[in-house]
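Structure file input-v8.cif; described as mmCIF, C-alpha atoms and all ligand atoms.
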```
data_structure
#
loop_
_atom_site.label_atom_id
_atom_site.label_comp_id
_atom_site.auth_asym_id
_atom_site.auth_seq_id
_atom_site.Cartn_x
_atom_site.Cartn_y
_atom_site.Cartn_z
CA MET A 1 21.80 -153.57 -82.75
CA VAL A 2 23.24 -154.75 -79.45
CA LEU A 3 26.04 -157.27 -79.44
CA VAL A 4 26.01 -159.99 -76.81
CA GLU A 5 29.20 -159.68 -74.74
CA MET A 6 30.22 -163.36 -74.89
CA CYS A 7 32.83 -164.18 -77.53
CA LEU A 8 33.52 -160.52 -78.19
CA LEU A 9 36.85 -158.81 -78.22
CA GLN A 10 36.16 -155.55 -76.37
CA ILE A 11 38.40 -152.47 -76.39
CA TYR A 12 37.73 -149.42 -74.22
CA PHE A 13 39.52 -146.13 -74.92
CA VAL A 14 39.16 -144.60 -71.47
CA ASP A 15 39.03 -140.81 -71.27
CA THR A 16 41.98 -139.75 -69.11
CA LEU A 17 41.92 -136.14 -70.39
CA GLY A 18 44.94 -136.23 -72.64
CA GLY A 19 46.59 -139.32 -71.16
CA ALA A 20 46.12 -142.85 -72.41
CA ALA A 21 44.49 -145.97 -70.95
CA THR A 22 43.24 -148.72 -73.24
CA LEU A 23 41.44 -151.67 -71.66
CA ILE A 24 41.09 -154.82 -73.75
CA ILE A 25 38.90 -157.77 -72.73
CA THR A 26 39.58 -160.86 -74.82
CA PRO A 27 36.77 -163.23 -75.88
CA GLN A 28 38.15 -165.65 -73.24
CA GLY A 29 37.70 -162.99 -70.55
CA GLU A 30 41.36 -162.08 -70.07
CA SER A 31 42.01 -158.42 -69.36
CA ILE A 32 44.85 -156.36 -70.81
CA LEU A 33 45.43 -152.75 -69.81
CA VAL A 34 47.78 -150.65 -71.92
CA ASP A 35 48.76 -147.55 -69.90
CA SER A 36 46.75 -146.11 -67.03
CA GLY A 37 46.49 -142.32 -67.43
CA TRP A 38 47.63 -139.70 -64.92
CA TYR A 39 48.37 -139.67 -61.21
CA THR A 40 45.90 -137.54 -59.28
CA GLU A 41 45.34 -137.68 -55.53
CA ASP A 42 41.71 -138.67 -56.03
CA ALA A 43 42.70 -141.66 -58.25
CA ARG A 44 40.46 -140.28 -61.00
CA ASP A 45 41.89 -142.33 -63.88
CA ALA A 46 42.00 -145.61 -61.96
CA LYS A 47 38.29 -145.12 -61.17
CA LEU A 48 37.47 -144.34 -64.81
CA ILE A 49 39.25 -147.52 -65.95
CA LEU A 50 37.25 -149.62 -63.48
CA ALA A 51 33.98 -147.87 -64.37
CA ALA A 52 34.44 -148.70 -68.07
CA HIS A 53 33.97 -152.44 -67.54
CA PRO A 54 31.99 -153.11 -64.35
CA GLY A 55 32.74 -156.52 -62.96
CA LEU A 56 36.41 -156.40 -63.85
CA GLN A 57 38.04 -158.65 -61.24
CA GLN A 58 41.71 -158.18 -62.07
CA ILE A 59 44.10 -156.96 -64.72
CA ASP A 60 45.86 -160.01 -66.17
CA HIS A 61 48.40 -158.08 -68.26
CA TYR A 62 49.41 -154.46 -67.64
CA ILE A 63 51.68 -152.79 -70.19
CA THR A 64 53.36 -149.40 -69.74
CA THR A 65 54.25 -148.07 -73.19
CA HIS A 66 56.78 -145.54 -71.81
CA TRP A 67 57.64 -143.45 -68.77
CA HIS A 68 55.72 -140.24 -69.33
CA CYS A 69 53.37 -139.44 -66.48
CA ASP A 70 50.19 -139.41 -68.64
CA HIS A 71 50.75 -143.13 -69.34
CA TYR A 72 51.49 -144.87 -66.04
CA GLY A 73 50.48 -142.36 -63.36
CA ALA A 74 47.40 -144.21 -62.12
CA ILE A 75 48.81 -147.75 -61.87
CA GLY A 76 49.69 -147.26 -58.18
CA HIS A 77 46.09 -146.46 -57.29
CA LEU A 78 44.66 -149.09 -59.62
CA SER A 79 46.79 -151.86 -58.11
CA GLU A 80 45.42 -150.91 -54.68
CA MET A 81 41.87 -151.37 -56.02
CA ILE A 82 42.17 -154.66 -57.93
CA PRO A 83 44.94 -157.25 -58.43
CA VAL A 84 47.30 -156.58 -61.34
CA LYS A 85 48.98 -159.86 -62.25
CA GLN A 86 51.73 -159.36 -64.80
CA PHE A 87 53.59 -156.13 -65.60
CA TYR A 88 55.36 -155.37 -68.90
CA ASP A 89 57.42 -152.35 -69.90
CA ARG A 90 60.35 -151.26 -72.07
CA GLY A 91 62.80 -151.56 -69.19
CA ILE A 92 63.15 -149.08 -66.32
CA PRO A 93 65.77 -146.35 -66.83
CA LEU A 94 67.83 -145.08 -63.90
CA SER A 95 66.51 -141.58 -64.45
CA LEU A 96 64.34 -139.65 -66.89
CA PRO A 97 65.99 -136.26 -67.50
CA GLU A 98 62.94 -134.89 -69.33
CA ASP A 99 60.72 -135.44 -66.27
CA GLU A 100 62.90 -135.12 -63.16
CA LYS A 101 59.89 -133.81 -61.24
CA ASN A 102 57.52 -136.79 -61.55
CA PHE A 103 59.68 -139.78 -62.47
CA PRO A 104 61.24 -140.61 -59.05
CA PHE A 105 57.84 -140.51 -57.31
CA LEU A 106 55.91 -142.39 -59.99
CA ILE A 107 58.54 -145.05 -60.63
CA GLU A 108 58.61 -145.78 -56.90
CA ARG A 109 54.84 -146.34 -57.01
CA TYR A 110 55.28 -148.51 -60.11
CA ARG A 111 57.94 -150.64 -58.40
CA LYS A 112 55.66 -151.05 -55.39
CA ALA A 113 52.67 -152.02 -57.57
CA SER A 114 54.69 -154.54 -59.57
CA GLY A 115 56.62 -155.87 -56.58
CA GLY A 116 59.75 -155.04 -58.60
CA ASN A 117 58.70 -157.69 -61.07
CA SER A 118 58.08 -156.66 -64.66
CA ARG A 119 58.88 -158.24 -67.99
CA GLU A 120 60.79 -156.21 -70.54
CA LEU A 121 59.15 -156.38 -73.96
CA ARG A 122 61.20 -156.48 -77.14
CA PRO A 123 60.02 -156.15 -80.74
CA GLY A 124 58.57 -159.46 -81.88
CA ASP A 125 57.56 -160.65 -78.39
CA LEU A 126 54.12 -162.22 -78.14
CA ILE A 127 52.15 -162.03 -74.92
CA GLY A 128 50.66 -165.44 -74.19
CA LEU A 129 46.87 -165.22 -74.22
CA ARG A 130 44.28 -167.93 -73.58
CA GLN A 131 42.72 -169.34 -76.76
CA SER A 132 39.56 -171.32 -77.41
CA PRO A 133 39.83 -174.33 -79.73
CA GLY A 134 38.06 -173.80 -83.04
CA LYS A 135 37.70 -170.04 -82.43
CA PRO A 136 39.61 -167.20 -84.07
CA LYS A 137 43.04 -166.65 -82.53
CA VAL A 138 43.55 -163.57 -80.38
CA GLU A 139 47.11 -162.25 -80.46
CA LEU A 140 49.01 -159.41 -78.83
CA GLN A 141 52.45 -158.66 -80.21
CA CYS A 142 55.04 -156.02 -79.35
CA VAL A 143 56.16 -154.52 -82.68
CA ALA A 144 58.34 -151.66 -81.38
CA ALA A 145 60.20 -150.82 -78.17
CA ASN A 146 63.21 -148.66 -77.32
CA ALA A 147 63.12 -147.16 -80.84
CA ARG A 148 63.62 -150.59 -82.39
CA VAL A 149 61.06 -152.39 -84.54
CA ILE A 150 60.21 -155.91 -85.67
CA PRO A 151 62.63 -156.97 -88.39
CA SER A 152 61.86 -156.78 -92.05
CA LEU A 153 60.59 -160.14 -93.28
CA ALA A 154 60.70 -159.72 -97.03
CA TYR A 155 63.44 -157.51 -98.35
CA ASP A 156 62.22 -157.84 -101.92
CA CYS A 157 58.78 -156.52 -100.97
CA THR A 158 59.26 -152.77 -100.88
CA ASN A 159 56.72 -150.15 -99.98
CA ASP A 160 56.55 -147.48 -102.70
CA LEU A 161 55.33 -144.90 -100.22
CA CYS A 162 58.76 -144.92 -98.52
CA LYS A 163 60.18 -142.80 -101.35
CA THR A 164 58.02 -139.88 -100.24
CA ASN A 165 59.38 -139.89 -96.66
CA GLN A 166 60.60 -136.64 -95.15
CA PRO A 167 62.60 -137.69 -92.10
CA LYS A 168 62.68 -135.60 -88.94
CA PRO A 169 65.70 -135.15 -86.62
CA LYS A 170 66.19 -138.07 -84.22
CA ASP A 171 63.75 -137.94 -81.31
CA GLU A 172 65.77 -138.54 -78.14
CA SER A 173 62.73 -138.42 -75.86
CA ASP A 174 61.01 -141.36 -74.21
CA ASN A 175 58.20 -141.07 -76.78
CA ALA A 176 60.37 -142.64 -79.48
CA LYS A 177 61.11 -145.52 -77.09
CA SER A 178 57.41 -146.35 -76.58
CA ILE A 179 56.21 -149.88 -76.85
CA ALA A 180 53.91 -150.30 -79.87
CA LEU A 181 51.48 -153.19 -80.07
CA ARG A 182 49.47 -155.05 -82.65
CA VAL A 183 46.27 -156.81 -81.61
CA SER A 184 44.71 -159.35 -83.94
CA TYR A 185 41.48 -161.31 -83.54
CA GLY A 186 40.81 -163.42 -86.62
CA SER A 187 40.75 -160.97 -89.50
CA PHE A 188 40.50 -157.90 -87.22
CA GLN A 189 43.72 -155.86 -86.97
CA PHE A 190 44.32 -153.09 -84.43
CA PHE A 191 47.47 -151.03 -83.77
CA LEU A 192 48.28 -148.97 -80.71
CA GLY A 193 51.65 -147.33 -80.61
CA GLY A 194 51.77 -145.33 -77.39
CA ASP A 195 53.60 -142.11 -78.22
CA ILE A 196 56.00 -143.40 -80.90
CA THR A 197 57.17 -140.64 -83.21
CA TRP A 198 57.78 -140.01 -86.90
CA ASN A 199 60.99 -141.97 -87.63
CA VAL A 200 59.97 -145.08 -85.67
CA GLU A 201 56.66 -145.09 -87.55
CA TYR A 202 58.65 -144.98 -90.79
CA ASP A 203 60.81 -147.92 -89.66
CA LEU A 204 57.67 -150.01 -89.07
CA VAL A 205 56.45 -149.70 -92.65
CA CYS A 206 59.72 -149.27 -94.60
CA PRO A 207 61.32 -150.78 -96.59
CA ASP A 208 58.35 -153.14 -96.36
CA ASN A 209 55.10 -152.70 -94.48
CA ARG A 210 55.17 -155.08 -91.49
CA ILE A 211 51.99 -153.65 -89.98
CA GLY A 212 49.74 -154.06 -93.01
CA GLU A 213 46.43 -152.32 -93.56
CA LEU A 214 44.41 -151.93 -90.39
CA ASP A 215 40.82 -152.00 -89.27
CA LEU A 216 41.46 -149.85 -86.22
CA TYR A 217 44.21 -147.35 -85.40
CA MET A 218 44.61 -145.63 -82.04
CA VAL A 219 46.21 -142.44 -83.31
CA ASP A 220 49.84 -142.29 -82.15
CA HIS A 221 50.86 -139.82 -79.47
CA HIS A 222 47.40 -138.32 -78.89
CA GLY A 223 47.46 -137.13 -82.51
CA PHE A 224 50.43 -134.74 -82.30
CA ASP A 225 52.08 -133.96 -85.63
CA VAL A 226 55.60 -134.93 -84.45
CA SER A 227 54.07 -138.39 -84.87
CA ASN A 228 51.71 -139.64 -87.60
CA ASN A 229 54.14 -139.61 -90.48
CA PRO A 230 52.02 -139.64 -93.70
CA VAL A 231 54.11 -142.57 -95.01
CA PHE A 232 52.99 -144.56 -91.98
CA LEU A 233 49.36 -143.39 -92.14
CA ASN A 234 49.01 -144.23 -95.83
CA SER A 235 50.67 -147.62 -95.31
CA ILE A 236 48.35 -148.68 -92.48
CA ASN A 237 45.32 -147.02 -94.15
CA PRO A 238 42.90 -147.74 -91.27
CA THR A 239 39.11 -147.97 -91.55
CA VAL A 240 38.60 -146.28 -88.17
CA ALA A 241 40.99 -144.01 -86.25
CA ILE A 242 40.55 -142.98 -82.60
CA PHE A 243 42.26 -139.98 -81.02
CA CYS A 244 43.02 -140.28 -77.29
CA ASN A 245 43.36 -136.53 -77.03
CA GLY A 246 42.43 -133.89 -74.46
CA PRO A 247 40.51 -130.63 -74.97
CA HIS A 248 43.87 -128.81 -75.20
CA LYS A 249 46.17 -131.69 -76.09
CA GLY A 250 46.93 -133.55 -79.31
CA CYS A 251 44.62 -133.83 -82.32
CA SER A 252 46.81 -131.55 -84.44
CA PRO A 253 45.06 -130.04 -87.48
CA GLN A 254 47.60 -131.57 -89.88
CA VAL A 255 46.99 -135.08 -88.51
CA VAL A 256 43.20 -134.67 -88.76
CA LYS A 257 43.67 -133.50 -92.35
CA ASP A 258 45.99 -136.40 -93.24
CA LEU A 259 43.64 -138.97 -91.71
CA LYS A 260 40.60 -137.51 -93.50
CA ALA A 261 42.50 -137.86 -96.81
CA LEU A 262 43.29 -141.59 -96.42
CA PRO A 263 41.65 -143.75 -99.08
CA GLY A 264 40.26 -146.32 -96.65
CA ILE A 265 39.13 -144.15 -93.75
CA GLN A 266 35.45 -144.40 -92.85
CA ALA A 267 35.30 -142.74 -89.44
CA ILE A 268 37.53 -140.67 -87.16
CA TYR A 269 36.67 -140.61 -83.47
CA GLN A 270 38.01 -138.23 -80.82
CA LEU A 271 37.75 -138.54 -77.04
CA HIS A 272 37.57 -134.73 -76.94
CA ARG A 273 36.88 -131.81 -79.20
CA ASN A 274 40.11 -129.86 -79.65
CA VAL A 275 38.80 -126.53 -78.33
CA ASP A 276 41.91 -124.66 -79.52
CA THR A 277 41.24 -125.29 -83.22
CA THR A 278 38.33 -124.77 -85.61
CA GLU A 279 35.38 -127.05 -86.29
CA ALA A 280 37.01 -128.06 -89.61
CA ASP A 281 40.09 -129.24 -87.68
CA ASN A 282 37.96 -131.69 -85.69
CA THR A 283 35.95 -134.73 -86.74
CA SER A 284 32.14 -134.52 -87.09
CA VAL A 285 30.43 -133.87 -83.78
CA GLU A 286 28.72 -137.30 -83.68
CA TYR A 287 32.17 -138.91 -83.43
CA ILE A 288 33.36 -136.85 -80.44
CA ALA A 289 32.87 -138.65 -77.12
CA ASN A 290 33.22 -135.59 -74.89
CA PRO A 291 32.32 -132.44 -76.83
CA ASP A 292 32.00 -130.39 -73.63
CA PRO A 293 35.35 -130.12 -71.78
CA GLU A 294 33.42 -129.46 -68.56
CA GLN A 295 31.78 -132.89 -68.82
CA PRO A 296 34.56 -135.41 -69.52
CA GLY A 297 34.75 -139.12 -68.76
CA LYS A 298 32.96 -140.91 -71.61
CA TYR A 299 34.89 -143.74 -73.21
CA ILE A 300 34.86 -145.01 -76.79
CA LYS A 301 34.30 -148.74 -77.08
CA VAL A 302 35.07 -151.12 -79.93
CA SER A 303 33.53 -154.62 -80.02
CA VAL A 304 34.52 -157.39 -82.41
CA PRO A 305 32.21 -160.41 -82.65
CA GLU A 306 33.51 -163.92 -83.15
CA ASP A 307 33.06 -164.11 -86.91
CA THR A 308 35.42 -161.05 -87.13
CA LYS A 309 33.62 -159.90 -90.27
CA PHE A 310 32.86 -156.51 -88.76
CA PHE A 311 33.45 -154.44 -85.64
CA ALA A 312 31.24 -151.92 -83.89
CA VAL A 313 32.14 -148.59 -82.28
CA THR A 314 30.10 -147.10 -79.42
CA ILE A 315 30.46 -143.85 -77.50
CA GLY A 316 29.84 -144.30 -73.76
CA GLU A 317 27.54 -146.73 -71.99
CA GLY A 318 24.50 -147.56 -74.13
CA GLY A 319 25.41 -145.21 -76.99
CA PRO A 320 24.40 -146.13 -80.55
CA GLN A 321 26.70 -148.65 -82.28
CA LYS A 322 28.19 -147.98 -85.69
CA PRO A 323 29.34 -151.12 -87.54
CA PHE A 324 32.32 -151.26 -89.90
CA ALA A 325 33.40 -154.19 -92.09
CA CYS A 326 36.77 -155.79 -91.32
CA LYS A 327 39.25 -155.81 -94.20
ZN ZN B 1 51.37 -139.22 -73.90
#
```

What does the file become when written as structure tokens?
Amino acid sequence: MVLVEMCLLQIYFVDTLGGAATLIITPQGESILVDSGWYTEDARDAKLILAAHPGLQQIDHYITTHWHCDHYGAIGHLSEMIPVKQFYDRGIPLSLPEDEKNFPFLIERYRKASGGNSRELRPGDLIGLRQSPGKPKVELQCVAANARVIPSLAYDCTNDLCKTNQPKPKDESDNAKSIALRVSYGSFQFFLGGDITWNVEYDLVCPDNRIGELDLYMVDHHGFDVSNNPVFLNSINPTVAIFCNGPHKGCSPQVVKDLKALPGIQAIYQLHRNVDTTEADNTSVEYIANPDPEQPGKYIKVSVPEDTKFFAVTIGEGGPQKPFACK
């Protein structure tokens, strides 16, 4: 089965070896890039983003989830290669004590790329996207930023799972301040949360679940177990989960175990095999995009056709497609 590209929502999870870069092409042809991977002198991650979707003319919306160097390092190079129109972030801090080495250099490149012009996203903000009359609506909403979340809508609608929560000490790092986003296309629901951690995840689904059950979940924070609170995972209960991990980064055994135990999960994908853990701590080999750490670079792609009844997941260019029903 090969889906025709027109009228598809397309999502590429680009392999940036333990960073994150998610390229979304809307059915109307608008491009959204969430994070851009690492800075390297050879502009590796910018090239991988462009190679994922040949013919990409510009980035219409570029969102930095937070200021860790695996998330916005390549935007300087990318903006020298193609136009990047609108920048969004959580606000630029004066300094980043946890990364004094990289922050001054990278933020200077970010300011240059954005021309000092970026929009600060707050929970609840919608990013205006082009729509086609009579077609399913495509929406992109910020649901968390700066450790704050979209407000509770129905106080009488409580989530029973919240009682089982085991809170962790407050995370003061920039991870907790990540922008988290919800993407909807008709009935298709996708969540990508940058590197948000345990207590922010709890706040999104307690006392009531504002995220709802998902079709697709980009596993928070590369799959580290300081994120991926089981209360959150069981509340969003995704059909497909994708780890943007590296061979030696993320994809913690506990998170793999918790995802495998979810009632609704049908497939778990990883960009890399975690070579530091056992086979049982990884997903099945057919769902690993880059099983050999010496041969990285393959993306995972998700396509959602216009009827939004199902979505298909592909590994790399021309790989076999696996379809999954939307909820
Ligand atoms: Zn990260």

Exercise answer, 6 Å around ligand ZN 1 (chain B) with all atoms listed in the file, as a ChimeraX atom specification: /A:19,70,195,221

Two-atom distance - atom CA of Glu139 of chain A, atom CA of Gln28 of chain A (Å): 12.0 Å

Selection as a PyMOL selection string: residues within 7 Å of (50.1, -155.3, -58.5), counting all atoms listed in the file: chain A and resi 79+83-85+113-115

A:Pro263, A:Ile75, A:Ala144, A:Ser173 ranked by distance to Ile211 of chain A, top pick (using only C-alpha atoms): A:Ala144

All residues 9 Å or closer to Pro151 of chain A, all atoms listed in the file, same chain fewer than 3 positions away omitted, as a ChimeraX atom specification: /A:123-124,143,148,204,210

Distance criterion (all atoms listed in the file): nearest to Cys244 of chain A out of A:Tyr299, A:Phe103, A:Phe191, A:Trp38: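 Ranking A:Tyr299, A:Phe103, A:Phe191, A:Trp38 by distance to Cys244 of chain A, first place goes to A:Tyr299.
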
Of the listed residues A:Met218, A:Ala74, A:Leu9, A:Ala21, that which approaches Asp307 of chain A most closely, counting all atoms listed in the file: A:Leu9

Residue list as an NGL selection string for point (51.6, -141.6, -82.9), cut-off 12 Å, only C-alpha atoms: :A and (20 or 65 or 175-181 or 191-202 or 217-230 or 232-233 or 241-245 or 250-252 or 255)

Among the residues A:Cys7, A:Ala46, A:Ser31, A:Thr308, the one that comes closest to Met81 of chain A [using only C-alpha atoms]: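 Checking each candidate against Met81 of chain A, we get A:Ala46 as the closest.
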
Using all atoms listed in the file: which of A:Val14, A:Leu216, A:Val285, A:Cys142 has the shortest distance to Lys327 of chain A: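 Closest to Lys327 of chain A of all the choices is A:Leu216.
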
Around all of segment 158-169 of chain A's listed atoms, make the axis-aligned box with 6 Å on each side and tell me centre and edge lengths in Å to one decimal, as AutoDock Vina command-line options.
```
--center_x 60.5 --center_y -144.0 --center_z -94.7 --size_x 22.4 --size_y 29.6 --size_z 28.1
```

Atom pair atom CA of His68 of chain A / atom CA of Ser36 of chain A: separation (Å):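 These atoms are spaced 11.0 Å apart.
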
Shortest interatomic distance to Asn165 of chain A - which of A:Asp203, A:Glu41, A:Asp35, A:Glu80, counting all atoms listed in the file: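 The shortest atom-to-atom distance to Asn165 of chain A comes from A:Asp203.
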
Atom CA of Lys249 of chain A to atom CA of His77 of chain A, straight-line distance in Å: 23.9 Å

Contacts of Pro27 of chain A within 9 Å, all atoms listed in the file, excl. fewer than 4 positions in-chain, as a list in words: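 Listed by chain and then number, they are Glu5, Met6, Cys7, Leu8, Leu9, Gln10, Gln131, Ser132, Val138, Pro305 and Glu306 of chain A.
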
Give me the residues within 12 Å of Gly264 of chain A as a CSV table (one decimal) with C-alpha atoms, in the coordinates of the input, counting all atoms listed in the file and dropping any in the same chain fewer than 4 places off.
```csv
chain,number,residue,atom,x,y,z
A,213,GLU,CA,46.4,-152.3,-93.6
A,214,LEU,CA,44.4,-151.9,-90.4
A,215,ASP,CA,40.8,-152.0,-89.3
A,216,LEU,CA,41.5,-149.8,-86.2
A,217,TYR,CA,44.2,-147.4,-85.4
A,233,LEU,CA,49.4,-143.4,-92.1
A,234,ASN,CA,49.0,-144.2,-95.8
A,235,SER,CA,50.7,-147.6,-95.3
A,236,ILE,CA,48.4,-148.7,-92.5
A,237,ASN,CA,45.3,-147.0,-94.2
A,238,PRO,CA,42.9,-147.7,-91.3
A,239,THR,CA,39.1,-148.0,-91.6
A,240,VAL,CA,38.6,-146.3,-88.2
A,241,ALA,CA,41.0,-144.0,-86.2
A,258,ASP,CA,46.0,-136.4,-93.2
A,259,LEU,CA,43.6,-139.0,-91.7
A,260,LYS,CA,40.6,-137.5,-93.5
A,268,ILE,CA,37.5,-140.7,-87.2
A,324,PHE,CA,32.3,-151.3,-89.9
A,325,ALA,CA,33.4,-154.2,-92.1
A,326,CYS,CA,36.8,-155.8,-91.3
A,327,LYS,CA,39.2,-155.8,-94.2
```

Near-Asp276 of chain A list (8 Å; all atoms listed in the file; drop same-chain fewer than 2 positions) as a PyMOL selection string: chain A and resi 247-248+274+278
